[in-house]
Amino acid sequence: MTIKKLNPRDVFGEVLLDLGRENKNIMAVSCDSGSGSGMNPFKKELPHQYLEVGINEQNAIGVCAGLAEGGFIPIVSAIAPFISMRAFEQIRNDLGYANMNVKVIGSSSGLSHSALGSTHQAIEDLTLMRVVPNMVVLNPGDGYEVEMSLKKAIRHKGPVYIRMPRHAMAEPLEATERNFEIGKGEVLMNSGDDIVIAVSGTLSVDGFMAGKILDEMGYGVKVLNFTTVKPLDTKLLCEAYKSAKYLFTLEEHSVIGGFGSAVLEALASVKHEAPIHLIGITDGSIKTGPYRELLEAYGLTWEKVADRILNEIKNN
Amino acid sequence: MQIESIEKKAFNIREHIINTVINNGDGHAGPSLSCTDILATLYFGVMNVNVDEPKWEQRDRFILSAGHKCLGLYGTLIEKGYEKAEVLKTYNMLESIVPGHPDMKKFTGVDFSSGALGHGLPIGSGMALSAKLKGDKNRVFVLMGDGEQGEGSNWEAAMFASHHGLDNLVGIIDRNGLQINGSTRDVLDTRDLREKYSTFGWSVKVVDGHNIEELLNTFQSIPFQKGKPSMIIANTIKSKGMPFAEGNVKYHHWNPGKDSQESKDATDALEQYAREKGWKL
């Protein structure tokens, strides 16, 4: 299929509105996120299911916990670093341990706010949300994944974190058939066992395209895509790893504690000697600039990823 | 009659608190004892709950935001009939339903888990808004400490609750004037809490937190103002009921040890109080 070049916020907004029309218990909660949350159409059509809390993320999470206790399904959206970090303790205690049915949307996540610098970039949110008990962590990378993440999150009873991208996908993804389920990964390309690229989130296209480059050079390549970071599809991952010569993970996130770490945790007890390399953002690095240029500077675009993979193989 | 029966319940709760700490060797006695009269008044004179149906949707909700006062809440819920008093013998033990902070997954009757300060008022605001949206008549009571007012999330919720006109929300500040490192005035002066909450759009009353009649009358007049959340600032004495410890910051967390002189003094004080009232221990 071809991915439509959609703004993820628009997709999110449309799907949320549809879900809100069907289910009167759904409550869209905004932290003064404006158009960035994608909630404006919802606010316009379903004002009684819309709640503006203002700029107070800690309170917003508590309010959502209280609403959920009363039977509502709050979907709370705020810019990713503020909701995932400032309100982390509230998320851990009042949603995680309490197992409250609240969906937390970290909007404009990763390097989305590319020029605004480290305060507005969330490259630690997966690390934090992964460790919250009972929390399902979804990392959609394109319009289809955004749509399915939200739909499945509403059906899932319990807390869910959805890491929302901000930018439209750069290139169409050529995978043929997609069947999204929470906890299931998918095979985007499979031409052999030399190199496995496991990707999550916004870089799925870059992972796929890097795979194509390597495939055209004669390597056997598997590209696996994991929208669900927790619970991770360890079955798919382990099977691919057992026959692989190299495994690379790819993410728009810190390599400490994120998707790559989740992969390492899953493979910790799998007996095999294939080296594993984590491609993502290294510790303490603060770069700013236009989004694609920033990805390039971090070495996360497909050409750079293919180069990095080739280098690692040569040096090994 | 009602006032005396609430006083007796408050006495029973104090007994639970003191005996549990003596039996365990240590525990948060001071803060539990300061809010005992408030808890007894709420659960035996004000709140609409159903012990036979603990999750009854129309029940009034209670959140102990200052979760370290949990012995007060456990004692109250035990007196109410949610659990048997024997559970307190397992206080802080492995797999106990009565750990050092209340857990809704463990103790039936605890409406929300707490322990980290500054969480109760936001959660209570969400519960109160939920009731409003559904057209339900139940109310939400959130008991906080005065030291806890240092947490900024309270003030976020204070703005939220008045903005949304949550007059089914009642905040109670157990103002005993002490926190771990000394008096609240020395650690971080909250200054005039009545003025602060009034400015934040709440309707506020200041009461004697050990005067059951005054507490009862105050609770019966909520909401103090239609369309506004109510705040009760209850002036209390930390470690109330243990004369040697009253108002002394070192009893925030009391470590009497078993068979100590302090344990004996505390038990004697209970006995003497009961004798004066003509109650059986």
# chains A, B, ... in the order shown; residues from 1 in each chain; ligands from 1

$ select_by_dssp --residues "region 69-236 of chain B" --states "strand (DSSP E)" --output "list in words"
Val140, Phe141, Val142, Leu143, Met144, Gly145, Leu169, Val170, Gly171, Ile172, Ile173, Asp174, Arg175, Leu178, Gln179, Gly182, Ser183, Ser203, Val204, Lys205, Val206, Val207, Asp208, Ser230, Met231, Ile232, Ile233, Ala234 and Asn235 of chain B

$ residues_around --residues "Ser65 (chain B)" --least-positions-apart "5" --cutoff "9 Å" --atoms "only C-alpha atoms" --output "PDB file with C-alpha atoms, in the first residue's frame"
ATOM      1  CA  PHE B 112      -7.682   6.245  45.582  1.00  0.00           C
ATOM      2  CA  SER B 113      -4.092   5.303  46.375  1.00  0.00           C
ATOM      3  CA  SER B 114      -1.901   8.046  47.754  1.00  0.00           C
ATOM      4  CA  GLY B 115       1.492   8.695  49.229  1.00  0.00           C
ATOM      5  CA  ALA B 116       3.177  11.216  46.958  1.00  0.00           C
ATOM      6  CA  LEU B 117       2.057  14.639  48.157  1.00  0.00           C
ATOM      7  CA  GLY B 118       0.142  17.028  45.956  1.00  0.00           C
ATOM      8  CA  HIS B 119      -1.761  14.375  44.006  1.00  0.00           C
ATOM      9  CA  GLY B 120      -5.076  14.350  45.874  1.00  0.00           C
ATOM     10  CA  LEU B 121      -6.560  17.679  44.849  1.00  0.00           C
ATOM     11  CA  VAL B 142      -9.765  15.590  49.818  1.00  0.00           C
ATOM     12  CA  LEU B 143      -7.767  15.714  53.042  1.00  0.00           C
ATOM     13  CA  MET B 144      -4.386  17.405  52.770  1.00  0.00           C
ATOM     14  CA  GLY B 145      -1.638  18.431  55.135  1.00  0.00           C
ATOM     15  CA  GLU B 148       1.711  19.567  51.560  1.00  0.00           C
TER      16      GLU B 148
END

$ residues_around --residues "Phe72 (chain A)" --least-positions-apart "6" --cutoff "7 Å" --atoms "only C-alpha atoms" --output "list of chain:residue names"
A:Asn25, A:Ile26, A:Met27

$ closest_atom_pairs --of "chain A" --to "chain B" --cutoff "9 Å" --atoms "only C-alpha atoms" --output "tab-separated table"
residue	atom	partner	partner_atom	distance
A:His48	CA	B:Leu133	CA	8.7
A:Val53	CA	B:Phe160	CA	6.8
A:Gly54	CA	B:Phe160	CA	8.4
A:Ile55	CA	B:Glu156	CA	8.7
A:Asn56	CA	B:Glu156	CA	6.1
A:Glu57	CA	B:Ser153	CA	8.9
A:Gln58	CA	B:Ser153	CA	6.1
A:Asn59	CA	B:Pro122	CA	5.0
A:Ala60	CA	B:Pro122	CA	7.4
A:Ile61	CA	B:Pro122	CA	7.8
A:Gly62	CA	B:Ile123	CA	4.3
A:Val63	CA	B:Gly126	CA	3.8
A:Cys64	CA	B:Gly126	CA	6.0
A:Ala65	CA	B:Ile123	CA	5.9
A:Gly66	CA	B:Gly126	CA	4.0
A:Leu67	CA	B:Gly126	CA	4.8
A:Ala68	CA	B:Met127	CA	8.1
A:Glu69	CA	B:Met127	CA	6.8
A:Gly70	CA	B:Ser130	CA	5.6
A:Gly71	CA	B:Ser130	CA	8.0
A:Phe72	CA	B:Ser130	CA	7.5
A:Glu89	CA	B:Ala116	CA	8.4
A:Gln90	CA	B:His119	CA	7.1
A:Asn93	CA	B:Ser114	CA	8.1
A:Asp94	CA	B:Ser113	CA	7.7
A:Tyr97	CA	B:Ser113	CA	8.7
A:Ala98	CA	B:Ser113	CA	7.1

$ write_last_selection --atoms "C-alpha atoms" --output "compact mmCIF listing (two decimals), in the first residue's frame"
# COMPACT_ATOMS: atom_id res chain seq x y z
CA HIS A 48 -19.31 18.69 25.89
CA VAL A 53 -7.22 22.28 31.57
CA GLY A 54 -4.64 24.89 30.63
CA ILE A 55 -0.91 24.79 31.15
CA ASN A 56 -0.71 22.39 34.08
CA GLU A 57 0.33 18.89 33.08
CA GLN A 58 0.56 17.46 36.60
CA ASN A 59 -2.96 18.56 37.42
CA ALA A 60 -4.15 17.37 34.00
CA ILE A 61 -3.03 13.82 34.72
CA GLY A 62 -4.67 13.87 38.17
CA VAL A 63 -7.90 15.22 36.70
CA CYS A 64 -7.82 12.47 34.06
CA ALA A 65 -7.32 9.84 36.78
CA GLY A 66 -10.40 11.21 38.56
CA LEU A 67 -12.43 11.28 35.35
CA ALA A 68 -11.41 7.70 34.58
CA GLU A 69 -12.46 6.63 38.08
CA GLY A 70 -15.88 8.03 37.19
CA GLY A 71 -16.08 5.96 34.01
CA PHE A 72 -14.81 8.40 31.40
CA GLU A 89 5.19 10.94 38.85
CA GLN A 90 1.48 11.52 38.33
CA ASN A 93 1.26 6.68 40.43
CA ASP A 94 -2.16 7.90 39.37
CA TYR A 97 0.04 1.77 39.56
CA ALA A 98 -3.65 2.73 39.80

$ atom_distance --atom1 "CA of Thr127 (chain A)" --atom2 "CA of Ile91 (chain A)"
13.5 Å

$ closest_residue --among "B:Thr41, B:Asn12, B:Asn176, B:Thr184" --to "Gly147 (chain B)" --atoms "only C-alpha atoms"
B:Thr184

$ select_by_dssp --residues "region 142-264 of chain B" --states "helix (DSSP H, G or I)" --output "ChimeraX atom specification"
/B:147-150,152-163,184-187,193-199,212-220,249-251,261-264

$ atom_distance --atom1 "CA of Lys43 (chain A)" --atom2 "CA of Ala78 (chain A)"
15.1 Å

$ residues_around --residues "region 287-291 of chain A" --least-positions-apart "5" --cutoff "10 Å" --atoms "only C-alpha atoms" --output "list in words"
Leu111, Ser112, His113, Ser114, Ala115, Leu116, Gly117, Ser118, Gln121, His167, Glu296, Ala297 and Tyr298 of chain A

$ residues_around --residues "Arg191 (chain B)" --least-positions-apart "3" --cutoff "12 Å" --atoms "only C-alpha atoms" --output "mmCIF file with N, CA and C atoms, in the first residue's frame"
data_model
loop_
_atom_site.group_PDB
_atom_site.id
_atom_site.type_symbol
_atom_site.label_atom_id
_atom_site.label_comp_id
_atom_site.auth_asym_id
_atom_site.auth_seq_id
_atom_site.Cartn_x
_atom_site.Cartn_y
_atom_site.Cartn_z
ATOM 1 N N ASP B 146 -0.881 20.602 55.856
ATOM 2 C CA ASP B 146 -0.521 22.000 55.574
ATOM 3 C C ASP B 146 0.873 22.089 54.959
ATOM 4 N N GLY B 147 1.779 21.195 55.360
ATOM 5 C CA GLY B 147 3.094 21.151 54.718
ATOM 6 C C GLY B 147 2.958 20.818 53.238
ATOM 7 N N GLN B 149 0.967 21.840 51.213
ATOM 8 C CA GLN B 149 0.589 22.989 50.376
ATOM 9 C C GLN B 149 1.777 23.526 49.579
ATOM 10 N N GLY B 150 2.982 23.067 49.925
ATOM 11 C CA GLY B 150 4.160 23.457 49.165
ATOM 12 C C GLY B 150 4.207 22.864 47.765
ATOM 13 N N ARG B 175 -4.373 21.515 59.425
ATOM 14 C CA ARG B 175 -3.297 22.469 59.702
ATOM 15 C C ARG B 175 -2.754 22.280 61.122
ATOM 16 N N GLY B 177 0.487 22.611 61.646
ATOM 17 C CA GLY B 177 1.594 23.567 61.754
ATOM 18 C C GLY B 177 2.987 22.963 61.777
ATOM 19 N N THR B 184 5.773 24.565 59.867
ATOM 20 C CA THR B 184 5.528 24.918 58.458
ATOM 21 C C THR B 184 5.943 26.370 58.214
ATOM 22 N N ARG B 185 5.860 27.167 59.259
ATOM 23 C CA ARG B 185 6.249 28.572 59.103
ATOM 24 C C ARG B 185 7.752 28.686 58.809
ATOM 25 N N ASP B 186 8.541 27.855 59.473
ATOM 26 C CA ASP B 186 10.003 27.926 59.280
ATOM 27 C C ASP B 186 10.446 27.231 57.990
ATOM 28 N N VAL B 187 9.788 26.137 57.650
ATOM 29 C CA VAL B 187 10.237 25.359 56.481
ATOM 30 C C VAL B 187 9.858 26.079 55.189
ATOM 31 N N LEU B 188 8.599 26.391 55.044
ATOM 32 C CA LEU B 188 8.139 27.170 53.882
ATOM 33 C C LEU B 188 6.811 27.803 54.293
ATOM 34 N N ARG B 194 -6.258 30.839 54.061
ATOM 35 C CA ARG B 194 -7.629 31.266 53.783
ATOM 36 C C ARG B 194 -7.630 32.279 52.636
ATOM 37 N N GLU B 195 -6.707 33.228 52.748
ATOM 38 C CA GLU B 195 -6.639 34.266 51.728
ATOM 39 C C GLU B 195 -6.216 33.664 50.385
ATOM 40 N N LYS B 196 -5.245 32.757 50.450
ATOM 41 C CA LYS B 196 -4.744 32.145 49.208
ATOM 42 C C LYS B 196 -5.863 31.410 48.473
ATOM 43 N N TYR B 197 -6.548 30.503 49.174
ATOM 44 C CA TYR B 197 -7.601 29.740 48.499
ATOM 45 C C TYR B 197 -8.764 30.632 48.077
#

$ residues_around --residues "Asp167 (chain B)" --least-positions-apart "4" --cutoff "7 Å" --atoms "only C-alpha atoms" --output "list of chain:residue names"
B:Pro223, B:Lys226, B:Gly227, B:Lys228, B:Pro229, B:Ser230

$ write_last_selection --atoms "all heavy atoms" --output "PDB file, in the first residue's frame"
ATOM      1  N   PRO B 223     -22.107  22.980  49.914  1.00  0.00           N
ATOM      2  CA  PRO B 223     -21.075  23.960  49.559  1.00  0.00           C
ATOM      3  C   PRO B 223     -21.321  25.286  50.279  1.00  0.00           C
ATOM      4  O   PRO B 223     -22.457  25.716  50.408  1.00  0.00           O
ATOM      5  CB  PRO B 223     -21.243  24.117  48.048  1.00  0.00           C
ATOM      6  CG  PRO B 223     -22.674  23.782  47.776  1.00  0.00           C
ATOM      7  CD  PRO B 223     -23.049  22.757  48.804  1.00  0.00           C
ATOM      8  N   LYS B 226     -22.674  28.370  46.403  1.00  0.00           N
ATOM      9  CA  LYS B 226     -23.000  27.625  45.185  1.00  0.00           C
ATOM     10  C   LYS B 226     -22.039  28.025  44.057  1.00  0.00           C
ATOM     11  O   LYS B 226     -21.731  29.199  43.902  1.00  0.00           O
ATOM     12  CB  LYS B 226     -24.446  27.934  44.782  1.00  0.00           C
ATOM     13  CG  LYS B 226     -25.058  26.861  43.920  1.00  0.00           C
ATOM     14  CD  LYS B 226     -26.548  27.063  43.740  1.00  0.00           C
ATOM     15  CE  LYS B 226     -27.103  26.312  42.547  1.00  0.00           C
ATOM     16  NZ  LYS B 226     -26.479  25.062  42.197  1.00  0.00           N
ATOM     17  N   GLY B 227     -21.556  27.028  43.338  1.00  0.00           N
ATOM     18  CA  GLY B 227     -20.681  27.305  42.204  1.00  0.00           C
ATOM     19  C   GLY B 227     -19.206  27.448  42.568  1.00  0.00           C
ATOM     20  O   GLY B 227     -18.382  27.710  41.698  1.00  0.00           O
ATOM     21  N   LYS B 228     -18.905  27.280  43.865  1.00  0.00           N
ATOM     22  CA  LYS B 228     -17.492  27.365  44.271  1.00  0.00           C
ATOM     23  C   LYS B 228     -17.087  26.113  45.051  1.00  0.00           C
ATOM     24  O   LYS B 228     -17.858  25.616  45.867  1.00  0.00           O
ATOM     25  CB  LYS B 228     -17.272  28.575  45.190  1.00  0.00           C
ATOM     26  CG  LYS B 228     -17.199  29.909  44.481  1.00  0.00           C
ATOM     27  CD  LYS B 228     -16.778  30.977  45.479  1.00  0.00           C
ATOM     28  CE  LYS B 228     -16.500  32.303  44.755  1.00  0.00           C
ATOM     29  NZ  LYS B 228     -15.905  33.276  45.671  1.00  0.00           N
ATOM     30  N   PRO B 229     -15.868  25.641  44.841  1.00  0.00           N
ATOM     31  CA  PRO B 229     -15.382  24.548  45.700  1.00  0.00           C
ATOM     32  C   PRO B 229     -15.186  25.066  47.128  1.00  0.00           C
ATOM     33  O   PRO B 229     -14.918  26.250  47.321  1.00  0.00           O
ATOM     34  CB  PRO B 229     -14.038  24.160  45.066  1.00  0.00           C
ATOM     35  CG  PRO B 229     -13.640  25.318  44.211  1.00  0.00           C
ATOM     36  CD  PRO B 229     -14.881  26.050  43.830  1.00  0.00           C
ATOM     37  N   SER B 230     -15.345  24.175  48.088  1.00  0.00           N
ATOM     38  CA  SER B 230     -15.229  24.570  49.502  1.00  0.00           C
ATOM     39  C   SER B 230     -13.897  24.110  50.081  1.00  0.00           C
ATOM     40  O   SER B 230     -13.457  22.999  49.822  1.00  0.00           O
ATOM     41  CB  SER B 230     -16.352  23.927  50.332  1.00  0.00           C
ATOM     42  OG  SER B 230     -17.611  24.208  49.764  1.00  0.00           O
TER      43      SER B 230
END

$ atom_distance --atom1 "CA of Pro159 (chain A)" --atom2 "CA of Val104 (chain A)"
7.5 Å

$ residues_around --residues "Ile281 (chain A)" --least-positions-apart "5" --cutoff "8 Å" --atoms "only C-alpha atoms" --output "list in words"
Ile123, Glu251, Glu252, His253, Ser254, Val255 and Tyr298 of chain A

$ closest_residue --among "A:Val160, A:Ala122, A:Met217, A:Leu300" --to "Leu95 (chain A)" --atoms "only C-alpha atoms"
A:Val160
